[in-house]
Amino acid sequence: MEQARARNFVYKDQIVSVGFGAPELEEMESTLTLADDTVLHFRPISPADEDMIRDLFYSYSEETVLHRFFRHVPAMPHEDLQKLIEVDYSKDMILVAIAPQGAGEMIVAVGRYHIQPATGAAEVAFSMRDDWQRKGIGTHLFRQLIEIARNRGVTTFVAEVMVDNVGMINLFHKCALGPVQSILQDGAYHFSFDLPPSVVARESR
Ligand SMILES: CC(C)(COP(=O)(O)OP(=O)(O)OC[C@H]1O[C@@H](n2cnc3c(N)ncnc32)[C@H](O)[C@@H]1OP(=O)(O)O)[C@@H](O)C(=O)NCCC(=O)NCCS
């Protein structure tokens, strides 16, 4: 991180994420070829991604902002972006999907899970550029996150989803590895599923 700061790859006041640079993070990289032959690269988020995450945020429609943050978010200043990309890699995870853009690249989607301290369940959330939705990216991200969390002993996944968010409702049910339980409260579904015992037993052998 000191080298990255010195070379201006990250901000001088960059928050240091716990576990960044651990070798296991490289094993979480993957690729996905879309129907139009675009090849996406998936990897854990990096502190150097802040500018691309800012671009991603400002590409969102108002509906995507509401579905992701449950409120109107007019701006995403540096301090808030830092919180958005900060992750304790030793227990939580944020994956980004990167697409080619001209001679460079852009982040088109983010998928994350956070381990709830009280329950140990992994709470998932996703967001992606509006014009990259419904291409299978959410499915790939969710399956990758499940795999990572499962290898770390997580047995339950949860999500808070607004009632009108048909995309996320479908995504959660499609990727769930067990029966989905849902509780409707204050205009949002609380979804959860447990990994089937056979999967958990196999992983812990
Ligand atoms: C919700 C979201 C993550 C889904 O990701 P995605 O990449 O579009 O999902 P996929 O393309 O993998 O589709 C998964 C399934 O959901 C369905 N689906 C996705 N969006 C849909 C929509 N708007 N309406 C109906 N079905 C939809 C797909 O058809 C697919 O089902 P299928 O394989 O049976 O056809 C994405 O649309 C998004 O980022 N939305 C804005 C932010 C948000 O809602 N985040 C979730 C907060 S928890």
# chains A, B, ... in the order shown; residues from 1 in each chain; ligands from 1
>>> residues_around(residues="segment 91-94 of chain A", least_positions_apart="6", cutoff="8 Å", atoms="only C-alpha atoms", output="PyMOL selection string")
chain A and resi 44-45+85+110-115+145
>>> write_last_selection(atoms="N, CA and C atoms", output="CSV table (one decimal), in the first residue's frame")
chain,number,residue,atom,x,y,z
A,44,PRO,N,-11.5,-9.7,-6.9
A,44,PRO,CA,-11.8,-8.9,-5.7
A,44,PRO,C,-11.5,-7.4,-5.9
A,45,ILE,N,-12.3,-6.5,-5.3
A,45,ILE,CA,-12.1,-5.1,-5.5
A,45,ILE,C,-10.7,-4.7,-4.9
A,85,ILE,N,-15.8,1.0,-0.9
A,85,ILE,CA,-14.8,0.0,-1.4
A,85,ILE,C,-14.0,-0.7,-0.3
A,110,VAL,N,-20.7,-4.8,-9.5
A,110,VAL,CA,-20.1,-5.1,-8.2
A,110,VAL,C,-21.1,-6.1,-7.4
A,111,GLY,N,-20.5,-7.1,-6.8
A,111,GLY,CA,-21.2,-8.0,-6.0
A,111,GLY,C,-20.5,-8.1,-4.7
A,112,ARG,N,-21.2,-8.1,-3.6
A,112,ARG,CA,-20.5,-8.2,-2.3
A,112,ARG,C,-21.3,-9.0,-1.3
A,113,TYR,N,-20.6,-9.5,-0.3
A,113,TYR,CA,-21.3,-10.0,0.9
A,113,TYR,C,-20.6,-9.6,2.1
A,114,HIS,N,-21.4,-9.4,3.1
A,114,HIS,CA,-20.9,-8.9,4.4
A,114,HIS,C,-21.4,-9.9,5.5
A,115,ILE,N,-20.5,-10.4,6.3
A,115,ILE,CA,-20.9,-11.4,7.3
A,115,ILE,C,-21.5,-10.6,8.5
A,145,LEU,N,-19.7,-15.6,-5.3
A,145,LEU,CA,-19.7,-15.2,-3.9
A,145,LEU,C,-20.1,-16.4,-3.0
>>> residues_near_ligand(ligand="ligand 1", cutoff="6 Å", atoms="only C-alpha atoms and all ligand atoms", output="JSON, numbers by chain")
{"A": [64, 67, 68, 125, 126, 127, 128, 133, 134, 135, 136, 137, 138, 139, 159, 160, 161, 165, 166, 167, 168, 170, 171]}
>>> select_by_dssp(residues="chain A", states="alpha helix (DSSP H)", output="PyMOL selection string")
chain A and resi 2-6+50-59+62-69+78-85+137-151+166-175+197-204
>>> atom_distance(atom1="atom CA of Met28 of chain A", atom2="atom CA of Val87 of chain A")
14.9 Å
>>> closest_residue(among="A:Ile183, A:Leu34, A:Leu195, A:Ile107", to="Phe157 of chain A", atoms="only C-alpha atoms")
A:Leu195
>>> closest_atom_pairs(of="segment 52-168 of chain A", to="segment 5-24 of chain A", cutoff="6 Å", atoms="only C-alpha atoms", output="CSV")
residue,atom,partner,partner_atom,distance
A:Glu86,CA,A:Ser17,CA,5.6
A:Val87,CA,A:Ser17,CA,5.5
A:Asp88,CA,A:Val18,CA,4.7
A:Tyr89,CA,A:Gly19,CA,5.1
A:Ser90,CA,A:Gly19,CA,5.7
>>> write_last_selection(atoms="C-alpha atoms", output="PDB file, in the first residue's frame")
ATOM      1  CA  GLU A  86     -13.425  -0.807   2.036  1.00  0.00           C
ATOM      2  CA  VAL A  87     -13.617  -4.513   2.816  1.00  0.00           C
ATOM      3  CA  ASP A  88     -12.172  -6.851   5.417  1.00  0.00           C
ATOM      4  CA  TYR A  89     -11.058  -9.536   2.951  1.00  0.00           C
ATOM      5  CA  SER A  90     -10.465 -12.010   5.771  1.00  0.00           C
TER       6      SER A  90
END
>>> closest_residue(among="A:Pro100, A:Ala122, A:Leu95, A:Asp164", to="Asp194 of chain A", atoms="only C-alpha atoms")
A:Ala122
>>> select_by_dssp(residues="chain A", states="strand (DSSP E or B)", output="NGL selection string")
:A and (30-33 or 39-44 or 93-101 or 104-115 or 122-128 or 156-162 or 181-185 or 188-194)
>>> residues_around(residues="Val73 of chain A", least_positions_apart="5", cutoff="9 Å", atoms="only C-alpha atoms", output="list in words")
Glu62, Val65 and Leu66 of chain A
>>> closest_residue(among="A:Ser182, A:Gln3, A:Thr119, A:Gln82", to="Arg54 of chain A", atoms="only C-alpha atoms")
A:Gln82
>>> residues_around(residues="Ser59 of chain A", least_positions_apart="2", cutoff="9 Å", atoms="only C-alpha atoms", output="list in words")
Arg54, Asp55, Leu56, Phe57, Ser61, Met128, Arg129 and Asp130 of chain A
>>> write_last_selection(atoms="N, CA and C atoms", output="PDB file, in the first residue's frame")
ATOM      1  N   ARG A  54     -16.455   5.254  -8.893  1.00  0.00           N
ATOM      2  CA  ARG A  54     -17.156   6.543  -9.024  1.00  0.00           C
ATOM      3  C   ARG A  54     -17.884   6.609 -10.367  1.00  0.00           C
ATOM      4  N   ASP A  55     -17.184   6.233 -11.440  1.00  0.00           N
ATOM      5  CA  ASP A  55     -17.821   6.230 -12.770  1.00  0.00           C
ATOM      6  C   ASP A  55     -19.046   5.318 -12.781  1.00  0.00           C
ATOM      7  N   LEU A  56     -18.891   4.155 -12.143  1.00  0.00           N
ATOM      8  CA  LEU A  56     -20.008   3.203 -12.086  1.00  0.00           C
ATOM      9  C   LEU A  56     -21.199   3.839 -11.371  1.00  0.00           C
ATOM     10  N   PHE A  57     -20.947   4.444 -10.206  1.00  0.00           N
ATOM     11  CA  PHE A  57     -22.044   5.038  -9.428  1.00  0.00           C
ATOM     12  C   PHE A  57     -22.785   6.084 -10.256  1.00  0.00           C
ATOM     13  N   SER A  61     -29.084   4.587 -13.023  1.00  0.00           N
ATOM     14  CA  SER A  61     -30.373   5.269 -13.090  1.00  0.00           C
ATOM     15  C   SER A  61     -30.875   5.475 -11.654  1.00  0.00           C
ATOM     16  N   MET A 128     -25.114  -2.871 -10.800  1.00  0.00           N
ATOM     17  CA  MET A 128     -24.425  -2.866 -12.091  1.00  0.00           C
ATOM     18  C   MET A 128     -24.982  -1.784 -12.997  1.00  0.00           C
ATOM     19  N   ARG A 129     -24.174  -1.429 -13.981  1.00  0.00           N
ATOM     20  CA  ARG A 129     -24.625  -0.446 -14.963  1.00  0.00           C
ATOM     21  C   ARG A 129     -25.937  -0.923 -15.563  1.00  0.00           C
ATOM     22  N   ASP A 130     -26.861   0.012 -15.752  1.00  0.00           N
ATOM     23  CA  ASP A 130     -28.185  -0.366 -16.246  1.00  0.00           C
ATOM     24  C   ASP A 130     -28.115  -1.114 -17.575  1.00  0.00           C
TER      25      ASP A 130
END
>>> closest_residue(among="A:Gly102, A:Leu81, A:Gly187, A:Glu26", to="Asp49 of chain A", atoms="only C-alpha atoms")
A:Leu81
>>> atom_distance(atom1="atom CA of Tyr60 of chain A", atom2="atom CA of Ala97 of chain A")
15.4 Å
>>> residues_around(residues="Ala188 of chain A", least_positions_apart="2", cutoff="6 Å", atoms="only C-alpha atoms", output="NGL selection string")
:A and (161-163 or 184-186)
>>> write_last_selection(atoms="C-alpha atoms", output="compact mmCIF listing (two decimals), in the first residue's frame")
# COMPACT_ATOMS: atom_id res chain seq x y z
CA VAL A 161 -34.78 -6.60 -1.44
CA MET A 162 -37.36 -3.91 -2.28
CA VAL A 163 -40.72 -5.43 -3.24
CA LEU A 184 -42.10 -9.10 3.97
CA GLN A 185 -41.60 -6.06 6.18
CA ASP A 186 -41.77 -2.30 5.53
